[in-house]
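Engineer: Sharing a structure, written as structure tokens. Questions coming.
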Amino acid sequence: MKLRWRRRFGKQERPRSLPECARHEAADGNQARATHSGRGQHAASIFPVIIGMMEKREFHPEMMPRRGEWTAWGLWAVISLALWGMHRLGSIPGWAWILWGFLLFAAASISLGNWMDRRTVLRLTPEGIEFENGLRHVRLGWNEVMAVSVFPSNLGRTVQVRGEQAHFRFKTLGEFKFRGETRGRTGFAAGEEILQEIVRRSGLRAVQEEGIVEYKR
């Protein structure tokens with residue numbers, strides 16, 4: 001029996017015999033399985049990373065500009081020099097010491113607050129909440145959260161999380177504005193989201209009490 005020749009893609013090609021067709025189909029199947037396996041391994045390598053991102057979330061507060069801190073220390077230094085000059089000339093009035101002490105307290109408070117903000121971190125995990133700010137380290141399981149109180153304030157809202165043995169506070173996002181422009185931000189940018197997540201995972205219910213929102217069991 002004569003084999004007929006046909007044109008395919010501009011070239012003449014002889015029809016394949018049954019054994020040849022079987023070999024080509026097996027080779028195509030092996031290549032497809034190898035490609036599918038490679039994609040599966042790539043997806044498997046990505047999947048644990050995504051799960052890990054979902055298991056633990058970490059939040060940091062917004063950082064205030066340090067201009068206010070340097071300004072407070074600069075004023076305190078100026079008053080200190082003025083007091084030194086008064087002492088050289090004679091006596092120092094009482095109001096000067098009061099002003100000097102007030103500026104020292106203000107500058108130290110601002111520096112301490114900035115230092116704590118730089119070390120503040122809030123973590124949400126499947127087991128519970130973890131909060132630390134350089135001075136305190138609090139860890140509460142979801143079943144250990146007894147109540148959450150939300151207080152209004154000029155900059156964001158203050159959230160207090162209470163357990164039987166420990167408690168901590170954090171603030172939602174607040175913005176300093178001057179002439180319609182935002183000059184600074186404080187608190188957690190995702191503060192409202194953190195609050196709702198704590199309430200949901202702890203199984204608390206909202207109770208309104210004289211402008212303060214309470215979430216209790």
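Letters for chains follow the order of the structure tokens (A, B, ...), residue numbers begin at 1 for each chain, and ligand numbers begin at 1 in the order shown.
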Step one, run DSSP on the backbone; step two, keep only residues of segment 50-162 of chain A assigned to helix (DSSP H, G or I); then write them as a PyMOL selection string.
Structural biologist: chain A and resi 50-55+67-89+94-118+142-144
Engineer: Run DSSP on the backbone of this structure and report the residues of segment 63-180 of chain A it assigns to strand (DSSP E or B), as a PyMOL selection string.
Structural biologist: chain A and resi 121-124+128-132+137-141+145-152+157-163+167-172+174-178
Engineer: Considering only C-alpha atoms, return as a PyMOL selection string whatever protein or nucleic-acid residues lie within 7 Å of Asp117 of chain A, sequence-local ones (same chain, fewer than 2 positions apart) excluded.
Structural biologist: chain A and resi 61+63+113-115+119-120+133
Engineer: What is the atom CA of Met64 of chain A-atom CA of Glu130 of chain A distance in Å, reported with one decimal?
Structural biologist: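 Calculated distance between atom CA of Met64 of chain A and atom CA of Glu130 of chain A is 22.8 Å.
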Engineer: Could you list, as a list of chain:residue names, every residue within 9 Å of Ala190 of chain A, counting only C-alpha atoms and ignoring same-chain residues fewer than 3 positions away?
Structural biologist: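 Neighbouring residues, sequence-local ones excluded: A:Phe59, A:Pro61, A:Thr172, A:Leu173, A:Gly187, A:Glu193, A:Ile194, A:Leu195.
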Engineer: For a quick check of understanding, using only C-alpha atoms, which of A:Leu75, A:Trp142, A:Arg57, A:Ser202 has the smallest distance to Phe102 of chain A?
Structural biologist: A:Leu75
Engineer: For each of A:Gly128, A:Gln196, A:Phe151, A:Thr182, take the minimum atom-to-atom distance to Glu55 of chain A, counting only C-alpha atoms, then give the residue where this is smallest.
Structural biologist: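 So, comparing all the options, the nearest one is A:Gly128.
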Engineer: Do you know which residues are at most 8 Å from Glu175 of chain A counting only C-alpha atoms, after dropping those on the same chain fewer than 5 positions away, and could you put them as a ChimeraX atom specification?
Structural biologist: /A:155-156,182-186
Engineer: So, counting only C-alpha atoms, which residue among A:Gly163, A:Ser149, A:Trp95, A:Trp100 is closest to Glu209 of chain A?
Structural biologist: A:Ser149
Engineer: With only C-alpha atoms as the counted atoms, please give the residues lying no more than 8 Å from Glu164 of chain A, apart from itself and same-chain residues fewer than 2 positions off, as an MDAnalysis selection string.
Structural biologist: chainID A and resid 144:146 162 166
Engineer: Put those residues in a file: N, CA, C and O atoms, as a PDB file, in the first residue's frame.
Structural biologist:
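To be explicit, this is the file written out as result26.pdb:
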```
ATOM      1  N   GLU A 144      -8.976  35.544  77.763  1.00  0.00           N
ATOM      2  CA  GLU A 144      -8.602  36.306  78.955  1.00  0.00           C
ATOM      3  C   GLU A 144      -9.020  37.773  78.874  1.00  0.00           C
ATOM      4  O   GLU A 144      -8.943  38.492  79.871  1.00  0.00           O
ATOM      5  N   VAL A 145      -9.443  38.223  77.697  1.00  0.00           N
ATOM      6  CA  VAL A 145      -9.892  39.611  77.547  1.00  0.00           C
ATOM      7  C   VAL A 145     -11.290  39.729  78.150  1.00  0.00           C
ATOM      8  O   VAL A 145     -12.253  39.146  77.648  1.00  0.00           O
ATOM      9  N   MET A 146     -11.401  40.493  79.237  1.00  0.00           N
ATOM     10  CA  MET A 146     -12.673  40.612  79.946  1.00  0.00           C
ATOM     11  C   MET A 146     -13.510  41.800  79.465  1.00  0.00           C
ATOM     12  O   MET A 146     -14.740  41.736  79.459  1.00  0.00           O
ATOM     13  N   ARG A 162      -8.698  45.224  78.911  1.00  0.00           N
ATOM     14  CA  ARG A 162      -8.516  44.753  80.282  1.00  0.00           C
ATOM     15  C   ARG A 162      -8.683  43.246  80.378  1.00  0.00           C
ATOM     16  O   ARG A 162      -9.606  42.673  79.795  1.00  0.00           O
ATOM     17  N   ALA A 166      -3.930  41.854  83.865  1.00  0.00           N
ATOM     18  CA  ALA A 166      -3.159  42.869  83.147  1.00  0.00           C
ATOM     19  C   ALA A 166      -4.081  43.685  82.244  1.00  0.00           C
ATOM     20  O   ALA A 166      -5.218  43.283  81.960  1.00  0.00           O
TER      21      ALA A 166
END
```
Engineer: Can you list, as an MDAnalysis selection string, every protein, DNA or RNA residue that comes within 12 Å of Ala96 of chain A when you count only C-alpha atoms, leaving out same-chain residues fewer than 5 positions away?
Structural biologist: chainID A and resid 76 78:87 91 101:103
Engineer: I need the residue nearest Ile198 of chain A from this list: A:His137, A:Phe105, A:Arg179, A:Pro126. Use only C-alpha atoms for the distance.
Structural biologist: A:Pro126
